[in-house]
$ cat my_file_0.txt   # compact mmCIF, C-alpha atoms
# COMPACT_ATOMS: atom_id res chain seq x y z
CA MET U 1 180.90 -36.52 117.28
CA ASP U 2 181.30 -39.44 114.92
CA PRO U 3 183.62 -38.48 112.00
CA MET U 4 181.23 -40.04 109.49
CA VAL U 5 178.27 -37.99 110.74
CA GLN U 6 180.45 -34.89 110.84
CA GLY U 7 181.47 -35.49 107.21
CA GLN U 8 177.85 -35.92 106.13
CA LEU U 9 176.81 -32.72 107.92
CA LYS U 10 179.62 -30.86 106.20
CA GLU U 11 178.53 -32.21 102.81
CA TRP U 12 174.92 -31.13 103.41
CA PHE U 13 176.04 -27.70 104.58
CA LEU U 14 178.23 -27.23 101.51
CA MET U 15 175.41 -28.38 99.22
CA ILE U 16 172.92 -25.95 100.78
CA VAL U 17 175.41 -23.07 100.62
CA THR U 18 176.24 -23.90 97.00
CA PHE U 19 172.57 -23.86 95.99
CA GLY U 20 172.12 -20.62 97.91
CA LEU U 21 175.03 -18.99 96.09
CA PHE U 22 173.68 -20.12 92.71
CA GLY U 23 170.26 -18.70 93.63
CA TRP U 24 171.87 -15.44 94.71
CA ALA U 25 173.81 -15.25 91.42
CA ALA U 26 170.60 -15.83 89.45
CA TYR U 27 168.86 -13.08 91.44
CA LEU U 28 171.72 -10.67 90.76
CA GLY U 29 171.56 -11.52 87.06
CA MET U 30 167.85 -10.71 86.96
CA VAL U 31 168.43 -7.41 88.78
CA ILE U 32 171.14 -6.43 86.31
CA VAL U 33 168.95 -7.22 83.30
CA ARG U 34 165.98 -5.35 84.81
CA ARG U 35 168.14 -2.31 85.59
CA LYS U 36 169.57 -2.28 82.05
CA GLN U 37 166.09 -2.42 80.54
CA LYS U 38 164.93 0.42 82.79
CA ASN U 39 167.93 2.56 81.87
CA ASP U 40 167.40 1.90 78.15
CA MET U 41 163.74 2.89 78.45
CA GLN U 42 164.60 6.10 80.29
CA LYS U 43 167.23 7.00 77.69
CA ALA U 44 164.76 6.40 74.85
CA LEU U 45 162.16 8.58 76.57
CA LEU U 46 164.63 11.42 77.12
CA ASP U 47 165.72 11.24 73.46
CA LYS U 48 162.11 11.94 72.40
CA PHE U 49 162.19 15.52 73.73
CA SER U 50 163.21 17.96 71.01
CA SER U 51 164.14 20.88 73.28
CA ALA U 52 164.80 21.80 76.88
CA HIS U 53 161.51 23.72 76.94
CA ASP U 54 159.54 20.55 76.07
CA PHE U 55 161.37 18.66 78.78
CA ALA U 56 160.69 21.43 81.34
CA GLU U 57 156.97 21.34 80.54
CA PHE U 58 156.98 17.58 80.94
CA MET U 59 158.70 17.92 84.33
CA GLN U 60 155.95 20.28 85.56
CA SER U 61 153.24 17.72 84.85
CA PRO U 62 152.24 15.04 87.40
CA ALA U 63 153.53 12.36 85.03
CA GLY U 64 156.90 14.12 84.81
CA GLN U 65 157.20 14.35 88.56
CA LYS U 66 156.38 10.67 88.88
CA TYR U 67 159.00 9.94 86.23
CA VAL U 68 161.69 11.79 88.19
CA LEU U 69 160.92 9.71 91.26
CA THR U 70 161.78 6.56 89.30
CA PHE U 71 165.35 7.73 88.60
CA ALA U 72 166.65 6.44 91.91
CA ASP U 73 167.56 2.76 91.75
CA THR U 74 166.96 2.28 95.46
CA VAL U 75 164.61 4.03 97.81
CA THR U 76 166.62 6.23 100.14
CA GLY U 77 164.39 5.92 103.17
CA PRO U 78 165.98 4.93 106.47
CA PHE U 79 164.07 1.68 106.81
CA ASP U 80 165.04 0.58 103.29
CA SER U 81 168.70 1.35 104.00
CA ILE U 82 168.53 -0.70 107.19
CA MET U 83 166.97 -3.65 105.37
CA ASN U 84 169.60 -3.40 102.64
CA SER U 85 172.32 -3.56 105.27
CA VAL U 86 170.73 -6.65 106.82
CA ARG U 87 170.55 -8.36 103.42
CA ILE U 88 174.19 -7.63 102.65
CA GLY U 89 175.24 -8.80 106.12
CA ILE U 90 173.39 -12.11 105.86
CA VAL U 91 174.86 -12.86 102.44
CA MET U 92 178.37 -12.00 103.66
CA VAL U 93 178.05 -14.15 106.80
CA PHE U 94 176.94 -17.22 104.85
CA SER U 95 179.46 -16.65 102.05
CA GLY U 96 182.25 -16.24 104.61
CA GLY U 97 181.17 -19.39 106.42
CA ALA U 98 181.15 -21.36 103.18
CA LEU U 99 184.54 -20.00 102.16
CA ALA U 100 186.05 -20.80 105.56
CA SER U 101 184.68 -24.35 105.41
CA PHE U 102 186.31 -24.88 102.00
CA GLY U 103 189.69 -24.00 103.52
CA ASN U 104 189.40 -27.06 105.77
CA GLY U 105 192.27 -25.86 107.98
CA GLN U 106 194.82 -26.66 105.27
CA ARG U 107 194.56 -23.49 103.19
CA TRP U 108 194.96 -20.69 105.70
CA ILE U 109 194.42 -17.92 103.15
CA VAL U 110 190.96 -19.28 102.28
CA ASP U 111 190.11 -19.67 105.96
CA ALA U 112 191.28 -16.13 106.69
CA GLY U 113 189.31 -14.71 103.75
CA GLY U 114 186.17 -16.51 104.85
CA THR U 115 186.59 -15.32 108.42
CA VAL U 116 187.08 -11.70 107.32
CA LEU U 117 184.00 -11.92 105.08
CA ALA U 118 181.86 -13.42 107.85
CA VAL U 119 183.01 -10.88 110.45
CA THR U 120 182.32 -8.03 108.02
CA GLY U 121 178.83 -9.46 107.49
CA PHE U 122 178.26 -9.50 111.25
CA GLY U 123 179.40 -5.87 111.27
CA PHE U 124 176.73 -4.99 108.70
CA ILE U 125 174.06 -6.72 110.79
CA VAL U 126 175.15 -5.01 114.02
CA SER U 127 175.19 -1.67 112.20
CA ALA U 128 171.66 -2.29 110.93
CA VAL U 129 170.42 -3.15 114.44
CA VAL U 130 171.96 0.01 115.91
CA SER U 131 170.51 2.10 113.05
CA TYR U 132 167.07 0.58 113.61
CA ILE U 133 167.20 1.35 117.33
CA LEU U 134 168.23 4.94 116.64
CA PHE U 135 165.56 5.25 113.94
CA ARG U 136 162.88 4.10 116.39
CA LYS U 137 164.06 6.50 119.11
CA LEU U 138 164.19 9.53 116.79
CA LYS U 139 160.62 9.14 115.54
CA PRO U 140 160.43 9.57 111.75
CA SER U 141 158.22 12.68 112.09
CA GLU U 142 161.18 14.53 113.63
CA ILE U 143 163.43 13.78 110.66
CA ARG U 144 162.96 16.27 107.85
CA ALA U 145 163.87 15.71 104.25
CA ASP U 146 166.23 18.71 104.13
CA GLY U 147 168.20 17.44 107.14
CA LYS U 148 167.49 20.52 109.29
CA ASP U 149 165.77 20.50 112.67
$ encode --input "my_file_0.txt" --output "structure tokens"
Amino acid sequence: MDPMVQGQLKEWFLMIVTFGLFGWAAYLGMVIVRRKQKNDMQKALLDKFSSAHDFAEFMQSPAGQKYVLTFADTVTGPFDSIMNSVRIGIVMVFSGGALASFGNGQRWIVDAGGTVLAVTGFGFIVSAVVSYILFRKLKPSEIRADGKD
């Protein structure tokens, strides 16, 4: 391949990866702010209860039960865990590829770090695929919430 074309492709790749990383950082910033606001709201609501008895009555109501369900930051269902693993894997693969391309063969430590990051990302994706296959074979109706058969 022509060295000039190869250089232009590398520049475009680096530009796309850089914009992607900035977008990912902005997304993470929004998630952090949203989580902090949610935690502050929950703390303020819990401070409003004057006694444990009031809180217990609130927990018995439908609104209280719905409130408890919002405590978890992530849904713990199998499909959501699989999708989370895929997301992490994709980000790690692209971040590792970008890091390895910055090494340019001259900085071996950067190349090695990028390679390790990319391979770990592929591991996350393979793990998600295997989990999905097992999830489909085990039929969700056979999986009980208490973990017993």
$ closest_atom_pairs --input "my_file_0.txt" --of "segment 3-103 of chain U" --to "segment 116-140 of chain U" --cutoff "7 Å" --atoms "all atoms listed in the file" --output "tab-separated table"
residue	atom	partner	partner_atom	distance
U:Ile82	CA	U:Ala128	CA	5.1
U:Ser85	CA	U:Phe124	CA	5.8
U:Val86	CA	U:Ile125	CA	5.2
U:Ile88	CA	U:Gly121	CA	7.0
U:Gly89	CA	U:Gly121	CA	3.9
U:Ile90	CA	U:Gly121	CA	6.3
U:Met92	CA	U:Gly121	CA	4.6
U:Val93	CA	U:Ala118	CA	4.0
U:Phe94	CA	U:Ala118	CA	6.9
U:Gly96	CA	U:Ala118	CA	4.3
U:Gly97	CA	U:Ala118	CA	6.2
$ residues_around --input "my_file_0.txt" --residues "segment 11-13 of chain U" --least-positions-apart "4" --cutoff "10 Å" --atoms "only C-alpha atoms" --output "number ranges by chain"
U: 5-7, 17-18, 97-98, 101
$ atom_distance --input "my_file_0.txt" --atom1 "atom CA of Leu14 of chain U" --atom2 "atom CA of Leu28 of chain U"
20.8 Å
$ atom_distance --input "my_file_0.txt" --atom1 "atom CA of Val91 of chain U" --atom2 "atom CA of Leu21 of chain U"
8.8 Å
$ residues_around --input "my_file_0.txt" --residues "Ala100 of chain U" --least-positions-apart "6" --cutoff "9 Å" --atoms "all atoms listed in the file" --output "number ranges by chain"
U: 108, 110-115, 118
$ atom_distance --input "my_file_0.txt" --atom1 "atom CA of Phe102 of chain U" --atom2 "atom CA of Ala25 of chain U"
19.0 Å
$ decode --input "my_file_0.txt" --residues "segment 19-119 of chain U" --atoms "C-alpha atoms" --output "short mmCIF file (atom, residue, chain, number, x, y, z; two decimals), in the first residue's frame"
data_model
loop_
_atom_site.label_atom_id
_atom_site.label_comp_id
_atom_site.auth_asym_id
_atom_site.auth_seq_id
_atom_site.Cartn_x
_atom_site.Cartn_y
_atom_site.Cartn_z
CA PHE U 19 -13.76 11.63 18.94
CA GLY U 20 -15.12 8.32 20.18
CA LEU U 21 -13.08 8.55 23.38
CA PHE U 22 -14.24 12.13 23.98
CA GLY U 23 -17.85 11.03 23.45
CA TRP U 24 -17.36 8.13 25.85
CA ALA U 25 -15.86 10.48 28.46
CA ALA U 26 -18.84 12.84 28.09
CA TYR U 27 -21.24 9.91 28.52
CA LEU U 28 -19.42 8.77 31.65
CA GLY U 29 -19.57 12.31 33.03
CA MET U 30 -23.34 12.43 32.52
CA VAL U 31 -23.77 9.03 34.19
CA ILE U 32 -21.74 10.17 37.20
CA VAL U 33 -23.77 13.37 37.58
CA ARG U 34 -27.07 11.48 37.21
CA ARG U 35 -26.01 8.87 39.79
CA LYS U 36 -24.95 11.59 42.26
CA GLN U 37 -28.29 13.37 41.88
CA LYS U 38 -30.15 10.09 42.40
CA ASN U 39 -28.14 9.28 45.52
CA ASP U 40 -28.70 12.77 46.93
CA MET U 41 -32.45 12.46 46.34
CA GLN U 42 -32.58 9.06 48.03
CA LYS U 43 -30.63 10.37 51.02
CA ALA U 44 -32.97 13.36 51.37
CA LEU U 45 -36.01 11.07 51.23
CA LEU U 46 -34.60 8.73 53.88
CA ASP U 47 -33.80 11.71 56.15
CA LYS U 48 -37.51 12.66 56.11
CA PHE U 49 -38.53 9.57 58.12
CA SER U 50 -38.62 10.34 61.85
CA SER U 51 -38.55 6.74 63.10
CA ALA U 52 -37.96 3.17 61.98
CA HIS U 53 -41.69 2.49 62.36
CA ASP U 54 -42.54 5.21 59.79
CA PHE U 55 -39.97 3.79 57.42
CA ALA U 56 -41.34 0.23 57.88
CA GLU U 57 -44.86 1.44 57.06
CA PHE U 58 -43.55 3.17 53.97
CA MET U 59 -41.79 -0.03 52.89
CA GLN U 60 -45.07 -1.98 53.10
CA SER U 61 -46.80 0.36 50.68
CA PRO U 62 -46.63 -0.13 46.89
CA ALA U 63 -44.71 3.14 46.59
CA GLY U 64 -42.16 1.91 49.14
CA GLN U 65 -41.66 -1.35 47.30
CA LYS U 66 -41.16 0.53 44.06
CA TYR U 67 -38.67 2.78 45.83
CA VAL U 68 -36.61 -0.21 47.00
CA LEU U 69 -36.39 -1.50 43.45
CA THR U 70 -34.67 1.75 42.42
CA PHE U 71 -31.78 1.22 44.85
CA ALA U 72 -29.86 -0.97 42.42
CA ASP U 73 -27.77 1.07 40.01
CA THR U 74 -27.88 -1.64 37.36
CA VAL U 75 -30.50 -4.23 36.63
CA THR U 76 -29.17 -7.62 37.64
CA GLY U 77 -30.92 -9.66 34.98
CA PRO U 78 -28.83 -12.04 32.88
CA PHE U 79 -29.50 -10.28 29.60
CA ASP U 80 -28.50 -6.89 31.05
CA SER U 81 -25.27 -8.38 32.42
CA ILE U 82 -24.48 -9.86 29.01
CA MET U 83 -25.09 -6.53 27.28
CA ASN U 84 -22.93 -4.75 29.85
CA SER U 85 -20.11 -7.19 29.12
CA VAL U 86 -20.44 -6.55 25.38
CA ARG U 87 -20.30 -2.78 25.93
CA ILE U 88 -17.19 -3.03 28.09
CA GLY U 89 -15.54 -5.37 25.60
CA ILE U 90 -16.18 -3.09 22.62
CA VAL U 91 -14.81 -0.05 24.44
CA MET U 92 -11.72 -1.98 25.54
CA VAL U 93 -11.05 -3.34 22.03
CA PHE U 94 -11.20 0.10 20.43
CA SER U 95 -9.26 1.76 23.25
CA GLY U 96 -6.58 -0.92 23.01
CA GLY U 97 -6.38 -0.54 19.25
CA ALA U 98 -5.99 3.22 19.57
CA LEU U 99 -3.35 2.87 22.27
CA ALA U 100 -1.40 0.31 20.23
CA SER U 101 -1.49 2.58 17.17
CA PHE U 102 -0.05 5.47 19.20
CA GLY U 103 2.94 3.29 20.10
CA ASN U 104 3.88 3.16 16.42
CA GLY U 105 6.34 0.31 17.01
CA GLN U 106 8.79 2.65 18.74
CA ARG U 107 7.31 2.65 22.24
CA TRP U 108 6.94 -1.02 23.09
CA ILE U 109 5.29 -0.38 26.47
CA VAL U 110 2.44 1.54 24.81
CA ASP U 111 2.06 -1.16 22.17
CA ALA U 112 2.02 -3.87 24.84
CA GLY U 113 -0.54 -1.98 26.94
CA GLY U 114 -2.79 -1.49 23.94
CA THR U 115 -2.51 -5.14 22.98
CA VAL U 116 -3.36 -6.30 26.51
CA LEU U 117 -6.35 -3.92 26.61
CA ALA U 118 -7.63 -5.11 23.22
CA VAL U 119 -7.21 -8.80 24.07
#
